[in-house]
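Asker: For reference, this is start.txt, and it has compact mmCIF, C-alpha atoms (C1' of nucleotides).
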```
# COMPACT_ATOMS: atom_id res chain seq x y z
CA MET L 1 96.41 -0.55 29.30
CA LEU L 2 92.65 -0.63 29.48
CA LYS L 3 91.05 -1.39 32.77
CA LEU L 4 88.13 -3.77 32.58
CA ILE L 5 85.98 -1.74 34.89
CA ASN L 6 86.06 1.12 32.42
CA GLN L 7 84.90 -0.99 29.52
CA ASN L 8 81.82 -2.08 31.37
CA LEU L 9 80.70 1.46 31.95
CA ARG L 10 78.16 2.58 29.36
CA ILE L 11 79.06 6.18 28.55
CA ILE L 12 77.44 8.46 26.00
CA PHE L 13 79.69 11.36 25.06
CA ILE L 14 78.03 14.56 23.84
CA GLY L 15 80.02 17.40 22.33
CA THR L 16 80.90 19.18 19.12
CA PRO L 17 83.98 21.41 18.69
CA GLU L 18 87.69 21.00 19.27
CA PHE L 19 87.29 21.52 23.01
CA ALA L 20 85.05 18.46 23.23
CA ALA L 21 87.22 16.42 20.90
CA ILE L 22 90.30 16.88 23.08
CA ILE L 23 88.36 15.65 26.10
CA LEU L 24 86.93 12.69 24.20
CA GLU L 25 90.41 11.73 23.14
CA LYS L 26 91.62 11.72 26.74
CA LEU L 27 88.66 9.59 27.75
CA ILE L 28 89.41 7.05 25.08
CA LYS L 29 93.10 6.96 25.89
CA SER L 30 92.27 6.30 29.52
CA GLY L 31 90.07 3.39 28.63
CA TYR L 32 86.67 5.01 28.96
CA PHE L 33 85.38 4.04 25.57
CA PRO L 34 81.95 5.60 24.93
CA ILE L 35 79.22 3.37 23.52
CA ALA L 36 77.95 6.29 21.43
CA VAL L 37 78.71 9.89 20.57
CA VAL L 38 76.21 12.69 20.01
CA THR L 39 77.48 15.68 18.07
CA GLY L 40 76.17 18.58 16.00
CA PRO L 41 75.08 18.01 12.39
CA ASP L 42 77.67 18.52 9.63
CA LYS L 43 77.62 22.17 8.77
CA PRO L 44 78.10 23.86 5.43
CA SER L 45 81.37 25.68 5.63
CA GLY L 46 83.72 27.58 3.40
CA ARG L 47 83.02 29.44 0.20
CA LYS L 48 81.72 26.35 -1.52
CA GLN L 49 79.36 25.49 1.34
CA ILE L 50 80.92 22.09 1.69
CA LEU L 51 79.55 20.03 4.56
CA VAL L 52 82.16 19.51 7.23
CA PRO L 53 81.89 17.12 10.17
CA SER L 54 82.56 18.32 13.71
CA PRO L 55 85.93 17.51 15.33
CA VAL L 56 84.11 15.12 17.67
CA LYS L 57 82.56 13.28 14.73
CA VAL L 58 85.94 12.89 13.05
CA LEU L 59 87.45 11.43 16.20
CA ALA L 60 84.48 9.12 16.76
CA GLU L 61 84.68 7.82 13.21
CA LYS L 62 88.35 7.10 13.65
CA ASN L 63 87.55 5.05 16.73
CA LYS L 64 84.50 3.42 15.17
CA ILE L 65 82.13 4.75 17.82
CA PRO L 66 78.47 4.99 16.75
CA ILE L 67 77.52 8.61 16.00
CA PHE L 68 74.24 10.48 16.36
CA GLN L 69 73.74 13.92 14.84
CA PRO L 70 70.19 15.02 15.60
CA GLU L 71 68.95 18.46 14.55
CA LYS L 72 67.38 18.64 17.98
CA ILE L 73 68.55 16.37 20.72
CA ILE L 74 65.05 15.88 22.11
CA ASN L 75 64.34 13.77 19.00
CA LEU L 76 66.99 11.37 20.20
CA LYS L 77 65.36 10.61 23.51
CA SER L 78 64.17 7.09 22.74
CA GLU L 79 67.48 6.09 21.14
CA ILE L 80 69.35 7.27 24.21
CA LYS L 81 67.00 5.35 26.42
CA ASN L 82 67.56 2.21 24.36
CA LEU L 83 71.32 2.56 24.76
CA ASP L 84 70.76 2.24 28.50
CA PRO L 85 73.68 4.53 29.47
CA ASP L 86 75.24 4.62 32.93
CA LEU L 87 76.62 8.09 32.38
CA ILE L 88 76.45 11.04 30.02
CA ILE L 89 79.57 13.19 29.61
CA LEU L 90 79.01 16.50 27.89
CA ALA L 91 81.36 19.22 26.73
CA ALA L 92 80.45 22.15 24.50
CA TYR L 93 77.60 20.55 22.59
CA GLY L 94 75.75 23.64 21.44
CA GLN L 95 72.24 22.74 22.54
CA ILE L 96 70.45 22.71 25.83
CA ILE L 97 69.76 19.19 27.02
CA PRO L 98 66.25 18.70 28.34
CA LYS L 99 65.79 17.23 31.79
CA ASP L 100 64.08 14.17 30.29
CA ILE L 101 67.38 13.12 28.81
CA LEU L 102 69.57 14.13 31.74
CA ASP L 103 67.54 11.83 33.96
CA ILE L 104 68.14 8.74 31.85
CA PRO L 105 71.64 7.64 32.95
CA ARG L 106 72.06 5.98 36.32
CA TYR L 107 74.98 8.21 37.30
CA GLY L 108 73.53 11.34 35.75
CA ALA L 109 75.20 13.71 33.31
CA LEU L 110 78.53 15.48 33.77
CA ASN L 111 79.49 18.73 32.09
CA ILE L 112 83.01 20.07 31.63
CA HIS L 113 82.81 23.85 31.58
CA PRO L 114 85.83 26.05 30.78
CA SER L 115 85.48 28.57 33.59
CA LEU L 116 85.54 28.77 37.36
CA LEU L 117 81.83 28.31 37.97
CA PRO L 118 79.67 30.01 39.10
CA LYS L 119 81.61 32.65 37.18
CA TYR L 120 81.00 32.83 33.43
CA ARG L 121 78.09 30.52 32.85
CA GLY L 122 76.88 30.30 29.26
CA PRO L 123 78.28 29.97 25.77
CA SER L 124 81.48 32.09 25.66
CA PRO L 125 83.43 31.73 28.91
CA ILE L 126 86.83 31.49 27.25
CA GLN L 127 86.42 34.63 25.18
CA THR L 128 84.98 36.50 28.16
CA THR L 129 87.94 35.52 30.33
CA ILE L 130 90.39 37.01 27.83
CA LEU L 131 88.20 40.01 27.09
CA ASN L 132 88.09 40.91 30.77
CA GLY L 133 91.81 40.44 31.14
CA ASP L 134 91.47 37.86 33.92
CA SER L 135 94.73 36.36 35.12
CA LYS L 136 93.04 33.36 36.66
CA THR L 137 90.66 30.86 35.08
CA GLY L 138 90.09 27.13 35.01
CA VAL L 139 87.66 24.31 34.38
CA THR L 140 84.77 23.03 36.38
CA ILE L 141 83.02 19.69 36.22
CA ILE L 142 79.45 19.75 37.36
CA LEU L 143 76.58 17.38 37.65
CA MET L 144 74.05 18.74 35.18
CA ASP L 145 70.59 19.88 36.14
CA GLU L 146 67.83 21.53 34.15
CA LYS L 147 69.39 24.98 34.30
CA ILE L 148 72.37 26.01 32.23
CA ASP L 149 75.74 25.52 33.96
CA HIS L 150 73.89 25.50 37.23
CA GLY L 151 74.42 22.06 38.78
CA PRO L 152 76.56 21.09 41.79
CA ILE L 153 80.34 21.00 41.43
CA LEU L 154 82.31 17.74 41.40
CA GLY L 155 85.70 19.21 40.75
CA GLN L 156 87.51 22.34 39.72
CA LYS L 157 91.02 23.23 38.59
CA LYS L 158 92.52 26.72 38.42
CA ILE L 159 95.31 28.04 36.27
CA ILE L 160 97.11 31.34 35.90
CA ILE L 161 97.22 32.80 32.40
CA ASN L 162 98.91 35.76 30.80
CA LYS L 163 98.68 36.98 27.22
CA ILE L 164 97.02 34.18 25.37
CA ASP L 165 94.46 33.86 22.59
CA SER L 166 91.23 31.88 22.51
CA VAL L 167 92.66 29.01 20.50
CA GLU L 168 95.48 28.42 22.95
CA LEU L 169 93.29 28.85 26.00
CA THR L 170 90.66 26.46 24.60
CA LYS L 171 93.32 23.83 24.14
CA ILE L 172 94.82 24.31 27.58
CA LEU L 173 91.45 24.20 29.33
CA ALA L 174 90.37 21.15 27.36
CA GLU L 175 93.52 19.30 28.39
CA LEU L 176 93.02 20.42 31.96
CA GLY L 177 89.35 19.44 31.86
CA GLY L 178 90.14 16.06 30.39
CA ASP L 179 92.70 15.33 33.10
CA LEU L 180 90.33 16.46 35.81
CA LEU L 181 87.61 14.24 34.39
CA ILE L 182 89.82 11.19 34.39
CA GLU L 183 90.85 12.01 37.93
CA ILE L 184 87.39 12.41 39.42
CA LEU L 185 85.50 9.83 37.38
CA PRO L 186 86.52 6.73 39.41
CA LYS L 187 85.89 8.53 42.70
CA TYR L 188 82.57 9.84 41.53
CA LEU L 189 81.43 6.40 40.41
CA LYS L 190 82.40 4.96 43.78
CA GLY L 191 80.39 7.65 45.49
CA GLU L 192 83.43 9.25 47.07
CA ILE L 193 82.64 12.74 45.81
CA LYS L 194 79.92 14.86 47.29
CA PRO L 195 78.54 17.31 44.73
CA LYS L 196 78.85 20.84 46.12
CA PRO L 197 76.09 23.27 45.15
CA GLN L 198 77.27 26.43 43.43
CA ASN L 199 77.03 29.79 45.13
CA HIS L 200 74.30 31.04 42.85
CA SER L 201 74.40 34.61 44.15
CA GLN L 202 77.88 34.95 42.62
CA ALA L 203 76.91 33.62 39.21
CA THR L 204 77.74 35.64 36.09
CA TYR L 205 76.71 34.90 32.53
CA THR L 206 78.38 35.13 29.13
CA LYS L 207 76.69 35.98 25.86
CA PHE L 208 76.63 34.46 22.42
CA ILE L 209 79.24 36.15 20.25
CA LYS L 210 78.02 37.75 17.06
CA LYS L 211 80.00 38.76 14.00
CA GLU L 212 79.41 42.41 14.73
CA ASP L 213 81.01 42.02 18.18
CA GLY L 214 84.35 41.86 16.36
CA ARG L 215 84.12 45.45 15.21
CA ILE L 216 86.62 47.76 16.87
CA ASN L 217 85.49 50.83 18.74
CA TRP L 218 88.59 53.01 18.65
CA GLN L 219 87.30 55.07 21.57
CA LYS L 220 88.27 52.18 23.81
CA SER L 221 91.75 51.93 25.29
CA ALA L 222 94.55 50.16 23.44
CA GLU L 223 94.62 47.58 26.20
CA GLU L 224 90.96 46.69 25.79
CA ILE L 225 91.22 46.43 22.03
CA GLU L 226 94.30 44.23 22.27
CA ARG L 227 92.43 41.84 24.56
CA MET L 228 89.54 41.80 22.14
CA ILE L 229 91.86 40.72 19.34
CA ARG L 230 93.09 37.77 21.38
CA ALA L 231 89.61 36.85 22.58
CA TYR L 232 88.01 36.86 19.14
CA TYR L 233 90.71 34.88 17.38
CA PRO L 234 89.95 33.09 15.10
CA TRP L 235 86.23 33.78 15.24
CA PRO L 236 84.61 36.20 14.67
CA SER L 237 87.99 37.98 14.32
CA VAL L 238 88.41 41.67 14.86
CA PHE L 239 87.94 44.25 12.16
CA THR L 240 87.55 47.90 11.36
CA LYS L 241 86.19 49.60 8.27
CA ILE L 242 88.02 51.58 5.62
CA LYS L 243 85.97 53.11 2.83
CA ASN L 244 83.24 50.59 3.60
CA LYS L 245 85.61 47.65 3.27
CA ILE L 246 86.69 45.38 6.05
CA LEU L 247 90.20 45.44 7.41
CA LYS L 248 90.84 42.46 9.65
CA ILE L 249 93.46 42.91 12.33
CA PHE L 250 95.35 39.86 13.53
CA LYS L 251 98.39 40.99 15.46
CA VAL L 252 99.05 44.17 17.39
CA LYS L 253 101.32 45.62 20.04
CA ILE L 254 100.32 48.14 22.66
CA LEU L 255 102.14 51.46 22.42
CA LYS L 256 102.07 53.57 25.57
CA ILE L 257 101.90 57.07 24.22
CA ASN L 258 100.33 60.36 25.12
CA HIS L 259 98.68 61.47 21.93
CA LYS L 260 96.18 64.16 21.17
CA LYS L 261 94.87 62.53 18.03
CA GLU L 262 91.30 61.62 17.36
CA PRO L 263 90.76 57.93 18.22
CA GLY L 264 91.03 55.89 15.02
CA THR L 265 93.68 58.07 13.41
CA VAL L 266 96.35 56.10 11.56
CA PHE L 267 99.90 57.36 12.01
CA LEU L 268 103.54 56.31 11.83
CA THR L 269 105.56 55.91 15.00
CA GLU L 270 109.11 57.20 15.41
CA LYS L 271 110.26 53.78 14.28
CA LYS L 272 108.05 54.04 11.19
CA GLU L 273 105.60 51.45 12.46
CA LEU L 274 101.97 51.56 11.49
CA ALA L 275 99.91 52.63 14.46
CA VAL L 276 96.35 53.62 15.30
CA ALA L 277 95.39 56.07 18.03
CA CYS L 278 92.96 54.63 20.58
CA GLY L 279 90.90 56.24 23.32
CA GLN L 280 93.94 55.74 25.49
CA ASP L 281 97.42 54.92 24.18
CA ALA L 282 97.78 53.45 20.70
CA LEU L 283 98.11 50.12 18.93
CA VAL L 284 100.95 49.23 16.59
CA LEU L 285 99.50 47.03 13.86
CA GLU L 286 101.63 44.09 12.84
CA GLU L 287 99.47 41.85 10.69
CA VAL L 288 96.35 42.84 8.80
CA GLN L 289 94.14 41.67 5.98
CA PHE L 290 92.19 43.87 3.65
CA GLU L 291 88.93 42.55 2.24
CA GLY L 292 89.60 40.51 -0.89
CA LYS L 293 93.31 40.38 -0.16
CA LYS L 294 95.78 38.15 1.56
CA ARG L 295 96.95 38.52 5.10
CA ILE L 296 100.00 40.82 5.02
CA THR L 297 102.44 42.56 7.34
CA ALA L 298 101.90 46.16 8.33
CA GLN L 299 105.01 47.22 6.38
CA GLU L 300 103.60 45.75 3.18
CA PHE L 301 100.33 47.41 3.91
CA ILE L 302 101.94 50.84 4.20
CA ASN L 303 103.86 50.33 0.96
CA GLY L 304 100.79 49.25 -0.91
CA TYR L 305 98.33 51.73 0.58
CA PRO L 306 100.35 54.85 1.49
CA TRP L 307 97.20 56.99 1.65
CA ILE L 308 96.23 55.19 4.83
CA ILE L 309 98.43 57.53 6.92
CA ASN L 310 96.27 60.12 8.67
CA PHE L 311 93.13 58.28 7.63
CA ILE L 312 90.64 58.03 10.46
CA LEU L 313 89.20 54.59 11.12
CA LYS L 314 85.66 54.55 12.37
C1' C M 1 74.58 26.64 -9.24
C1' G M 2 74.54 30.97 -2.04
C1' C M 3 76.57 36.60 -2.62
C1' G M 4 81.04 39.42 -3.67
C1' G M 5 86.45 40.97 -4.48
C1' G M 6 91.08 39.51 -6.61
C1' G M 7 95.81 37.04 -9.40
C1' U M 8 100.93 42.76 -12.90
C1' A M 9 109.19 42.15 -10.60
C1' G M 10 111.05 39.04 -4.14
C1' A M 11 106.56 41.78 -1.26
C1' G M 12 102.53 45.33 -1.66
C1' A M 13 99.89 48.30 -5.19
C1' A M 14 98.60 51.65 -10.08
C1' G M 15 97.37 50.78 -14.92
C1' U M 16 89.62 49.88 -18.80
C1' G M 17 92.73 48.91 -26.55
C1' G M 18 98.61 51.92 -28.19
C1' C M 19 106.41 52.49 -24.82
C1' A M 20 105.39 48.23 -18.24
C1' U M 21 104.59 52.20 -13.69
C1' C M 22 104.85 53.47 -8.18
C1' U M 23 106.35 52.23 -2.90
C1' C M 24 109.32 48.76 -0.20
C1' G M 25 113.05 45.18 -0.55
C1' C M 26 117.52 43.38 -3.29
C1' C M 27 122.61 44.33 -5.91
C1' G M 28 126.62 48.14 -6.87
C1' G M 29 128.47 52.91 -5.62
C1' G M 30 128.54 58.09 -3.06
C1' C M 31 127.96 60.93 1.50
C1' U M 32 128.19 60.25 6.95
C1' C M 33 131.13 59.54 13.70
C1' A M 34 126.45 57.43 12.89
C1' U M 35 121.26 55.56 10.78
C1' A M 36 114.78 51.84 9.86
C1' A M 37 118.78 58.77 7.25
C1' U M 38 119.99 60.54 2.30
C1' C M 39 121.92 60.74 -2.98
C1' C M 40 123.42 58.20 -7.73
C1' G M 41 123.29 53.81 -10.65
C1' G M 42 121.46 48.65 -11.55
C1' A M 43 119.14 43.88 -11.76
C1' G M 44 114.54 41.69 -11.49
C1' A M 45 107.73 40.66 -15.13
C1' U M 46 106.49 35.13 -20.77
C1' C M 47 100.85 40.86 -16.56
C1' G M 48 97.62 33.13 -13.07
C1' C M 49 96.95 29.19 -17.38
C1' A M 50 94.73 28.12 -22.31
C1' G M 51 92.12 29.70 -26.41
C1' G M 52 89.53 33.75 -29.10
C1' U M 53 88.51 39.06 -31.06
C1' U M 54 91.99 42.98 -33.00
C1' C M 55 96.82 46.17 -37.14
C1' G M 56 97.73 46.05 -31.85
C1' A M 57 95.41 42.89 -25.51
C1' A M 58 97.64 43.40 -18.66
C1' U M 59 93.11 45.83 -20.62
C1' C M 60 87.57 43.02 -24.48
C1' C M 61 85.23 37.61 -24.99
C1' U M 62 85.25 32.14 -23.53
C1' G M 63 86.99 28.10 -20.54
C1' C M 64 90.13 26.42 -16.52
C1' C M 65 93.33 26.88 -12.02
C1' C M 66 94.42 29.43 -7.48
C1' C M 67 93.58 33.14 -3.40
C1' C M 68 90.44 36.11 -0.32
C1' G M 69 85.73 38.95 2.12
C1' C M 70 80.55 37.75 3.47
C1' A M 71 77.72 33.71 4.75
C1' A M 72 78.06 29.23 10.33
```
So, in terms of structure tokens, how does the structure I just supplied come out?
Answerer:
Amino acid sequence: MLKLINQNLRIIFIGTPEFAAIILEKLIKSGYFPIAVVTGPDKPSGRKQILVPSPVKVLAEKNKIPIFQPEKIINLKSEIKNLDPDLIILAAYGQIIPKDILDIPRYGALNIHPSLLPKYRGPSPIQTTILNGDSKTGVTIILMDEKIDHGPILGQKKIIINKIDSVELTKILAELGGDLLIEILPKYLKGEIKPKPQNHSQATYTKFIKKEDGRINWQKSAEEIERMIRAYYPWPSVFTKIKNKILKIFKVKILKINHKKEPGTVFLTEKKELAVACGQDALVLEEVQFEGKKRITAQEFINGYPWIINFILK
RNA sequence: CGCGGGGUAGAGAAGUGGCAUCUCGCCGGGCUCAUAAUCCGGAGAUCGCAGGUUCGAAUCCUGCCCCCGCAA
């Protein structure tokens, strides 16, 4: 059921990961068929350094939409101009778009951002939401300007979350963002929506996540570490070190316990579960992976590495 | 040729040239009011695949397959 009006609109979609792909799919399904897609270059991935296309590229290929993958988007300026777009829709692209390009489309450029702006501007809003243990989050669609996640708001949707990991939250917010986009797009194009400037004094910013951010500091409380595990799944994933080797930790349970152990001490609970003392309370480990090994359950880990009991993780 | 670790019983691990081991699980039995308790007994492995060296290979050499850590 494609509406003609949608087909006449010249949209360029810009985005790279799964989050963007989900939104692109909703656009297409609703009849907003982009005339071109801009996405990140194929990246070498895996042990064999095989080049893999971005989720957005895969979806665009399937729908036979022309694809651009510039190293730097500024190099694409003249091509974009030639496409004569009415609108740019951007979600999680990975590069800052210069004003020169934002100014090209008649209706400007929209950005779908997975947080309640002006809170959590920047590259890792989803992880930061989980890390901080927020119970409320959402998506915001803004009209882009030259500053990052700074433009006026066209629409916003809130949701309540409980214990959830980054993968799940990304998916939920992408769906939500896609729906919101479809909802506001016709109104915006008809000029029925007044962009509302953000309250810049309340703005907060998120950082790029680095591999090392996934390292556990056992001085922290069990609650904080548990949130970290959900936030950093599947990347960079959370780890600790044993004898200079990495132990990845995938699943844990918080154990409320008054212990006098040094944080990082491995011990067995009354139920014979593998647990680690934290700065406050403790964590029961459920699924781990030792460097060079497969992902295994904690029980298997104890059987295979009995010396781990009373070992102190640093 | 990006760097590195690994493949041994259902699971997890020891074992660097000389009898195939350990923990858990599983099966049978004992003890117990009871058990994620404990005791006795048992089954289960062509040591990833193929070739080579050797009196003798899980172990050394060659090739192949598969898995994983780093690396975005």
Asker: With all atoms listed in the file as the atoms that count, which of L:Ile225, L:Ile126, L:Ile302, L:Ile209 lies nearest to chain M?
Answerer: L:Ile302
Asker: Taking only C-alpha atoms into account, which of L:Ser166, L:Thr39, L:Thr269, L:Thr137 comes nearest Tyr120 (chain L)?
Answerer: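 Closest candidate: L:Thr137.
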Asker: So what do you get for CA of Leu87 (chain L) versus CA of Gly108 (chain L), distance-wise?
Answerer: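 Separation of CA of Leu87 (chain L) and CA of Gly108 (chain L): 5.6 Å.
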Asker: Mind listing as a list of chain:residue names which residues of chain L are within 9 Å of chain M, counting only C-alpha atoms (C1' of nucleotides)?
Answerer: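 Close enough to count are L:Lys43, L:Pro44, L:Ser45, L:Gly46, L:Arg47, L:Lys48, L:Gln49, L:Lys245, L:Ile246, L:Lys271, L:Lys272, L:Phe290, L:Glu291, L:Gly292, L:Lys293, L:Lys294, L:Arg295, L:Ile296, L:Gln299, L:Glu300, L:Phe301, L:Ile302, L:Asn303, L:Gly304, L:Tyr305, L:Pro306.
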Asker: Which residue is closest to Ile242 (chain L)? Choose from L:Lys158, L:Lys207, L:Lys314, L:Arg10 and count all atoms listed in the file.
Answerer: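 The closest residue to Ile242 (chain L) is L:Lys314.
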Asker: Counting only C-alpha atoms (C1' of nucleotides), what is within 10 Å of region 40-48 of chain M, bar same-chain residues fewer than 5 positions away, as a list in words?
Answerer: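 Close residues of region 40-48 of chain M: G7, U8, A9, G10, A20, C26, C27, G28, G29, G30, A58, C65 and C66 of chain M.
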Asker: Let's have the selection written as a CSV table (one decimal), in the frame of the given file, with C-alpha atoms (C1' of nucleotides).
Answerer:
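And here's out_22.csv as it stands now:
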```
chain,number,residue,atom,x,y,z
M,7,G,C1',95.8,37.0,-9.4
M,8,U,C1',100.9,42.8,-12.9
M,9,A,C1',109.2,42.2,-10.6
M,10,G,C1',111.0,39.0,-4.1
M,20,A,C1',105.4,48.2,-18.2
M,26,C,C1',117.5,43.4,-3.3
M,27,C,C1',122.6,44.3,-5.9
M,28,G,C1',126.6,48.1,-6.9
M,29,G,C1',128.5,52.9,-5.6
M,30,G,C1',128.5,58.1,-3.1
M,58,A,C1',97.6,43.4,-18.7
M,65,C,C1',93.3,26.9,-12.0
M,66,C,C1',94.4,29.4,-7.5
```
Asker: From the set L:Pro66, L:Gly31, L:Gly15, L:Gly138, which residue has the shortest atom-to-atom contact distance to Ile96 (chain L), counting only C-alpha atoms?
Answerer: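 When distances to Ile96 (chain L) are compared using only C-alpha atoms, the smallest one comes from L:Gly15.
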Asker: Quick one: pull the distance between CA of Ser201 (chain L) and CA of Pro118 (chain L), Å, one decimal.
Answerer: 8.6 Å
Asker: Find the spatial neighbours of Lys210 (chain L), counting all atoms listed in the file, within a cut-off of 12 Å - ignore same-chain residues fewer than 4 positions away - and output them as a list in words.
Answerer: Pro123, Ser124, Gly214, Arg215, Tyr232, Trp235, Pro236, Ser237 and Val238 of chain L; A72 of chain M
Asker: Can you tell me which residues surround G56 (chain M) at a distance of at most 12 Å, considering all atoms listed in the file, apart from same-chain residues fewer than 3 positions away, and format the answer as a PyMOL selection string?
Answerer: chain M and resi 17-18+53
Asker: Residues at most 6 Å from Trp218 (chain L), counting all atoms listed in the file, excluding those fewer than 6 positions away in the same chain, as a VMD selection string?
Answerer: chain L and resid 263 to 264 278
Asker: Provide the CA of Phe68 (chain L) to CA of Leu117 (chain L) distance in Å, to one decimal place.
Answerer: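 We find that CA of Phe68 (chain L) and CA of Leu117 (chain L) lie 29.0 Å from each other.
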Asker: Need to verify the contact set: Ala92 (chain L), 12 Å, all atoms listed in the file, exclusion of same-chain residues closer than 6 positions in sequence. Can you return it as number ranges by chain?
Answerer: L: 13-24, 38-40, 54-56, 110-114, 122-126, 148-149, 170, 174, 177
Asker: Given all atoms listed in the file as the basis, pick out the residue of L:Ala282, L:Val288, L:Ile141, L:Ala275 nearest to Phe311 (chain L).
Answerer: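 Of all the options, L:Ala275 lies closest to Phe311 (chain L).
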Asker: Please, which residues are within 8 Å of (96.9, 53.6, 15.3) by the file's coordinates, counting only C-alpha atoms (C1' of nucleotides), and could they come as a PyMOL selection string?
Answerer: chain L and resi 264-268+274-278+282-285
